[in-house]
Amino acid sequence: MNGLFLLFALLLCVLALAFVLYPLLREPRRETLPSRRAINASVHRDRVRELDQDLAAGTLTQAQYATAVADLERELLDSGAIEPDETPADAGRGGARVVGAAAIVSIAVLPFMAIGIYLAVGHAEEVFATQRPAGEMAVAEPTAATEAELRRQFQLMAQQLQGRLAQAPEDVESWVLLGRTLVFLDDLDAAERAFREAMAHGGDRDPDLLTRYADVMAERQGSLAGEPLQLIEQALEIDPHHAQGLWLAGSWAYLEGEMASARGYWERLLGLLPPDSPEAEVIRGNLAQVAQATTEG
């Protein structure tokens, strides 16, 4: 059976090569296609024609028209696309000979090379192992990472991110990733500092960062009051349909006894969630509590 496996693998390699090499070895069709120069010239003319129409319609002034045409000309020159792209016939024949030689070498060598690599680094011991008796099951080695191993991986990631940020402190995404990593490691003080750096380097318009930063600050101080609430409001000004922002704003309003505001935030959030999702079920439960508190009040 082991020899049959190797023979079958060899046949599969040859079959795969046949699909790849047949188009290479086949005589290419002689088709006359427009050159790159002709295509780019046509596109350039079309764009200039559009500018002419805008100038005639009065949507462009003469100065704007001249500037736009100059930009088009500079773009065409800078791209290098107007250089000739035709290749001599002799070069084509030479390329065909090279392709043919490469095809022959691939057919002769590649299948055996693939099997050799598999025997060297693959699971060859499983191929050549004696078949287990009927009823005997293989015992799988545990592969799931333990919590301690996961923490070590995140600690290593945090160290790598800190090293990267020492060289590029303006990298907002790395600051955010470092903050999220430190949250997993329960180092909320350092996570808050990382998010603050991300804010300082241009992340203050990102509602995801704003709400994540607010959540960490609230967990540290035990309340959404103060700066966390301001960050949430800022996030909702940028994106009124931000799910995390609506959730936190509704939670704050509910804890403060502002049931109408809590209902408004959570109803907007419920409209964003899939109706049959667990999150939607939680929000419906919260709205039921709001309704009960409103009735009792």
# chains A, B, ... in the order shown; residues from 1 in each chain; ligands from 1
call {"tool": "residues_around", "arguments": {"residues": "segment 183-193 of chain A", "least_positions_apart": "6", "cutoff": "8 Å", "atoms": "only C-alpha atoms", "output": "count of residues only"}}
result
7
call {"tool": "atom_distance", "arguments": {"atom1": "atom CA of Ala260 of chain A", "atom2": "atom CA of Ser277 of chain A"}}
result
24.3 Å
call {"tool": "residues_around", "arguments": {"residues": "segment 286-296 of chain A", "least_positions_apart": "4", "cutoff": "12 Å", "atoms": "only C-alpha atoms", "output": "list in words"}}
result
Trp247, Gly250, Ser251, Ala253, Tyr254, Leu255, Gly257, Glu258, Met259, Ala260, Ser261, Ala262, Arg263, Gly264, Tyr265, Trp266, Glu267, Arg268, Leu269, Leu270, Glu279, Ala280, Glu281 and Val282 of chain A
call {"tool": "atom_distance", "arguments": {"atom1": "atom CA of Pro207 of chain A", "atom2": "atom CA of Gln159 of chain A"}}
result
26.4 Å
call {"tool": "closest_residue", "arguments": {"among": "A:His201, A:Glu219, A:Gly271, A:Leu236", "to": "Arg284 of chain A", "atoms": "only C-alpha atoms"}}
result
A:Gly271
call {"tool": "closest_residue", "arguments": {"among": "A:Glu237, A:Ala249, A:Leu156, A:Ile283", "to": "Ala214 of chain A", "atoms": "only C-alpha atoms"}}
result
A:Ala249
call {"tool": "atom_distance", "arguments": {"atom1": "atom CA of Gly202 of chain A", "atom2": "atom CA of Leu182 of chain A"}}
result
20.4 Å
